[in-house]
Amino acid sequence: MKKSLGPLTLAYPLPAYLIGSYDPKGRPNIMTAAWSGIVNSDPPCVAVSIRPTRLSYESIFKNQAFTVNYPRSTLATQVDFAGLFSGRDQDKFAATGLTPVASSLVKAPYVAECPVIAECRLFKTLELGTHTLFVGEILDIKADEGLESPQGGLDLTKVDPLVYNSGAQYHQVGPALGKAFSIGRTLQK
Ligand SMILES: Cc1cc2nc3c(=O)[nH]c(=O)nc-3n(C[C@H](O)[C@H](O)[C@H](O)COP(=O)(O)O)c2cc1C
């Protein structure tokens, strides 16, 4: 028997991304976002829900662009910081020691220390209530050398992405369990 917990913002696993943008004065900024994910294949799109009160909200509208930076678990403290304080009050790159790099395809900075980043142009927005969904068309993914997996794609244990447990703690991902679109076939009669 399950216990009802009410209509919570709960899903597993949740990411903790760093969203990169230039503020209206052209200064690089990052904010932490968990309400996000891949939402389309062609064009490839990632969506991030942002409250209108965030500096990043204005910045993304102004530049029509943002980056999604996938932090390693070792960056949990810096990611938490970027989610606690606004770029209106301080330079979060300087405070965290993270390095902004100008994207090659869009007007937004990415975070050098994140192993994988996505350069996005603003594709669509949707007002949902407390948050506005920013759908970004992924124009390029840039990844550090040496992250490839012999099984194809990137090796998740090498990428070591930060995982967020809503309203609670940060986590690391565990070991690989089996090949996707493959191990399920063992149940086919
Ligand atoms: C783990 C975590 C997840 C967060 N997720 C979101 C989110 O998905 N959307 C949002 O608008 N704010 C989110 N925040 C809060 C913003 O990151 C925070 O308000 C930040 O200071 C905004 O920065 P800015 O004003 O420089 O844009 C999150 C904060 C944390 C710590």
# chains A, B, ... in the order shown; residues from 1 in each chain; ligands from 1
call {"tool": "residues_around", "arguments": {"residues": "A:Gln169", "least_positions_apart": "6", "cutoff": "12 Å", "atoms": "only C-alpha atoms", "output": "VMD selection string"}}
result
chain A and resid 13 to 16 73 76 to 77 80 162 to 163
call {"tool": "write_last_selection", "arguments": {"atoms": "N, CA and C atoms", "output": "JSON list (two decimals), in the first residue's frame"}}
result
[["chain", "number", "residue", "atom", "x", "y", "z"],
["A", 13, "PRO", "N", 15.62, 10.44, -12.04],
["A", 13, "PRO", "CA", 16.55, 11.31, -11.31],
["A", 13, "PRO", "C", 16.40, 12.73, -11.81],
["A", 14, "LEU", "N", 16.65, 13.71, -10.97],
["A", 14, "LEU", "CA", 16.64, 15.11, -11.43],
["A", 14, "LEU", "C", 18.07, 15.56, -11.63],
["A", 15, "PRO", "N", 18.28, 16.38, -12.67],
["A", 15, "PRO", "CA", 19.63, 16.91, -12.85],
["A", 15, "PRO", "C", 19.84, 18.16, -11.99],
["A", 16, "ALA", "N", 21.05, 18.64, -11.94],
["A", 16, "ALA", "CA", 21.35, 19.98, -11.43],
["A", 16, "ALA", "C", 22.27, 20.59, -12.47],
["A", 73, "SER", "N", 29.93, 15.46, -10.45],
["A", 73, "SER", "CA", 29.52, 15.41, -9.04],
["A", 73, "SER", "C", 30.47, 16.23, -8.15],
["A", 76, "ALA", "N", 29.46, 19.88, -6.92],
["A", 76, "ALA", "CA", 28.19, 20.06, -6.17],
["A", 76, "ALA", "C", 28.16, 21.38, -5.39],
["A", 77, "THR", "N", 29.24, 21.74, -4.75],
["A", 77, "THR", "CA", 29.26, 22.96, -3.92],
["A", 77, "THR", "C", 29.10, 24.21, -4.79],
["A", 80, "ASP", "N", 25.52, 24.39, -6.08],
["A", 80, "ASP", "CA", 24.61, 24.86, -5.02],
["A", 80, "ASP", "C", 24.73, 26.38, -4.87],
["A", 162, "LEU", "N", 26.21, 15.27, -11.91],
["A", 162, "LEU", "CA", 25.60, 15.56, -10.61],
["A", 162, "LEU", "C", 24.10, 15.27, -10.69],
["A", 163, "VAL", "N", 23.60, 14.59, -9.68],
["A", 163, "VAL", "CA", 22.17, 14.26, -9.59],
["A", 163, "VAL", "C", 21.60, 14.98, -8.37]]
call {"tool": "residues_near_ligand", "arguments": {"ligand": "ligand 1", "cutoff": "6 Å", "atoms": "only C-alpha atoms and all ligand atoms", "output": "PyMOL selection string"}}
result
chain A and resi 16+31-35+49-51+54-56+80+82-87
call {"tool": "write_last_selection", "arguments": {"atoms": "N, CA and C atoms", "output": "PDB file, in the first residue's frame"}}
result
ATOM      1  N   ALA A  16      21.051  18.639 -11.942  1.00  0.00           N
ATOM      2  CA  ALA A  16      21.345  19.981 -11.428  1.00  0.00           C
ATOM      3  C   ALA A  16      22.272  20.590 -12.471  1.00  0.00           C
ATOM      4  N   MET A  31      23.224  30.057 -13.574  1.00  0.00           N
ATOM      5  CA  MET A  31      22.242  29.724 -12.532  1.00  0.00           C
ATOM      6  C   MET A  31      22.015  28.215 -12.547  1.00  0.00           C
ATOM      7  N   THR A  32      21.660  27.671 -11.407  1.00  0.00           N
ATOM      8  CA  THR A  32      21.374  26.247 -11.281  1.00  0.00           C
ATOM      9  C   THR A  32      19.926  25.992 -11.662  1.00  0.00           C
ATOM     10  N   ALA A  33      19.678  24.938 -12.414  1.00  0.00           N
ATOM     11  CA  ALA A  33      18.305  24.583 -12.791  1.00  0.00           C
ATOM     12  C   ALA A  33      18.123  23.069 -12.742  1.00  0.00           C
ATOM     13  N   ALA A  34      17.059  22.675 -12.065  1.00  0.00           N
ATOM     14  CA  ALA A  34      16.729  21.252 -11.973  1.00  0.00           C
ATOM     15  C   ALA A  34      15.507  20.892 -12.805  1.00  0.00           C
ATOM     16  N   TRP A  35      14.629  21.877 -13.049  1.00  0.00           N
ATOM     17  CA  TRP A  35      13.393  21.593 -13.799  1.00  0.00           C
ATOM     18  C   TRP A  35      13.731  21.637 -15.294  1.00  0.00           C
ATOM     19  N   SER A  49      12.991  25.201 -17.097  1.00  0.00           N
ATOM     20  CA  SER A  49      11.945  26.061 -16.531  1.00  0.00           C
ATOM     21  C   SER A  49      12.571  27.077 -15.588  1.00  0.00           C
ATOM     22  N   ILE A  50      12.305  28.358 -15.869  1.00  0.00           N
ATOM     23  CA  ILE A  50      12.963  29.426 -15.101  1.00  0.00           C
ATOM     24  C   ILE A  50      11.917  30.425 -14.617  1.00  0.00           C
ATOM     25  N   ARG A  51      12.039  30.838 -13.360  1.00  0.00           N
ATOM     26  CA  ARG A  51      11.121  31.843 -12.801  1.00  0.00           C
ATOM     27  C   ARG A  51      11.458  33.223 -13.366  1.00  0.00           C
ATOM     28  N   ARG A  54      14.364  35.526 -11.942  1.00  0.00           N
ATOM     29  CA  ARG A  54      15.810  35.253 -12.094  1.00  0.00           C
ATOM     30  C   ARG A  54      16.443  36.221 -13.090  1.00  0.00           C
ATOM     31  N   LEU A  55      17.670  36.612 -12.817  1.00  0.00           N
ATOM     32  CA  LEU A  55      18.427  37.415 -13.792  1.00  0.00           C
ATOM     33  C   LEU A  55      18.549  36.638 -15.110  1.00  0.00           C
ATOM     34  N   SER A  56      18.739  35.332 -15.010  1.00  0.00           N
ATOM     35  CA  SER A  56      18.912  34.495 -16.213  1.00  0.00           C
ATOM     36  C   SER A  56      17.702  34.584 -17.135  1.00  0.00           C
ATOM     37  N   ASP A  80      25.525  24.390  -6.078  1.00  0.00           N
ATOM     38  CA  ASP A  80      24.613  24.858  -5.024  1.00  0.00           C
ATOM     39  C   ASP A  80      24.729  26.377  -4.873  1.00  0.00           C
ATOM     40  N   ALA A  82      25.577  28.557  -7.124  1.00  0.00           N
ATOM     41  CA  ALA A  82      24.951  29.233  -8.282  1.00  0.00           C
ATOM     42  C   ALA A  82      23.436  29.221  -8.193  1.00  0.00           C
ATOM     43  N   GLY A  83      22.894  28.366  -7.329  1.00  0.00           N
ATOM     44  CA  GLY A  83      21.447  28.291  -7.117  1.00  0.00           C
ATOM     45  C   GLY A  83      20.985  29.055  -5.891  1.00  0.00           C
ATOM     46  N   LEU A  84      21.947  29.544  -5.102  1.00  0.00           N
ATOM     47  CA  LEU A  84      21.597  30.274  -3.874  1.00  0.00           C
ATOM     48  C   LEU A  84      21.658  31.783  -4.061  1.00  0.00           C
ATOM     49  N   PHE A  85      22.508  32.237  -4.969  1.00  0.00           N
ATOM     50  CA  PHE A  85      22.761  33.673  -5.124  1.00  0.00           C
ATOM     51  C   PHE A  85      22.534  34.106  -6.564  1.00  0.00           C
ATOM     52  N   SER A  86      22.082  35.373  -6.716  1.00  0.00           N
ATOM     53  CA  SER A  86      21.810  35.893  -8.060  1.00  0.00           C
ATOM     54  C   SER A  86      23.024  36.617  -8.629  1.00  0.00           C
ATOM     55  N   GLY A  87      23.146  36.526  -9.934  1.00  0.00           N
ATOM     56  CA  GLY A  87      24.168  37.287 -10.654  1.00  0.00           C
ATOM     57  C   GLY A  87      23.930  38.791 -10.567  1.00  0.00           C
TER      58      GLY A  87
END
call {"tool": "residues_around", "arguments": {"residues": "A:Gly26", "least_positions_apart": "5", "cutoff": "10 Å", "atoms": "only C-alpha atoms", "output": "PyMOL selection string"}}
result
chain A and resi 21+59+63+107-108
call {"tool": "select_by_dssp", "arguments": {"residues": "stretch 1-188 of chain A", "states": "helix (DSSP H, G or I)", "output": "ChimeraX atom specification"}}
result
/A:55-63,73-84,92-96,156-159,183-187
call {"tool": "residues_around", "arguments": {"residues": "stretch 118-129 of chain A", "least_positions_apart": "3", "cutoff": "9 Å", "atoms": "only C-alpha atoms", "output": "PyMOL selection string"}}
result
chain A and resi 45-46+49+60-61+63-70+103-110+132-143
call {"tool": "residues_around", "arguments": {"residues": "A:Gly174", "least_positions_apart": "2", "cutoff": "12 Å", "atoms": "only C-alpha atoms", "output": "ChimeraX atom specification"}}
result
/A:13,73,156-163,171-172,176-177
call {"tool": "write_last_selection", "arguments": {"atoms": "C-alpha atoms", "output": "PDB file, in the first residue's frame"}}
result
ATOM      1  CA  PRO A  13      16.547  11.314 -11.308  1.00  0.00           C
ATOM      2  CA  SER A  73      29.524  15.406  -9.035  1.00  0.00           C
ATOM      3  CA  LEU A 156      28.246   8.023 -17.853  1.00  0.00           C
ATOM      4  CA  THR A 157      30.691   6.967 -15.146  1.00  0.00           C
ATOM      5  CA  LYS A 158      33.388   9.105 -16.818  1.00  0.00           C
ATOM      6  CA  VAL A 159      31.001  12.057 -17.237  1.00  0.00           C
ATOM      7  CA  ASP A 160      30.057  11.554 -13.548  1.00  0.00           C
ATOM      8  CA  PRO A 161      27.023  13.896 -13.686  1.00  0.00           C
ATOM      9  CA  LEU A 162      25.603  15.557 -10.613  1.00  0.00           C
ATOM     10  CA  VAL A 163      22.168  14.260  -9.595  1.00  0.00           C
ATOM     11  CA  HIS A 171      24.121  12.470  -5.454  1.00  0.00           C
ATOM     12  CA  GLN A 172      26.350  10.603  -7.895  1.00  0.00           C
ATOM     13  CA  ALA A 176      26.119   0.697 -15.513  1.00  0.00           C
ATOM     14  CA  LEU A 177      23.436  -2.025 -15.484  1.00  0.00           C
TER      15      LEU A 177
END
call {"tool": "closest_residue", "arguments": {"among": "A:Pro115, A:Pro28, A:Pro52, A:Pro43", "to": "A:Lys92", "atoms": "only C-alpha atoms"}}
result
A:Pro28
call {"tool": "atom_distance", "arguments": {"atom1": "atom CA of A:Leu98", "atom2": "atom CA of A:Glu113"}}
result
6.6 Å
call {"tool": "select_by_dssp", "arguments": {"residues": "stretch 3-43 of chain A", "states": "strand (DSSP E or B)", "output": "ChimeraX atom specification"}}
result
/A:14-15,17-22,28-33,36-40
call {"tool": "atom_distance", "arguments": {"atom1": "atom CA of A:Gly167", "atom2": "atom CA of A:Ala11"}}
result
11.3 Å
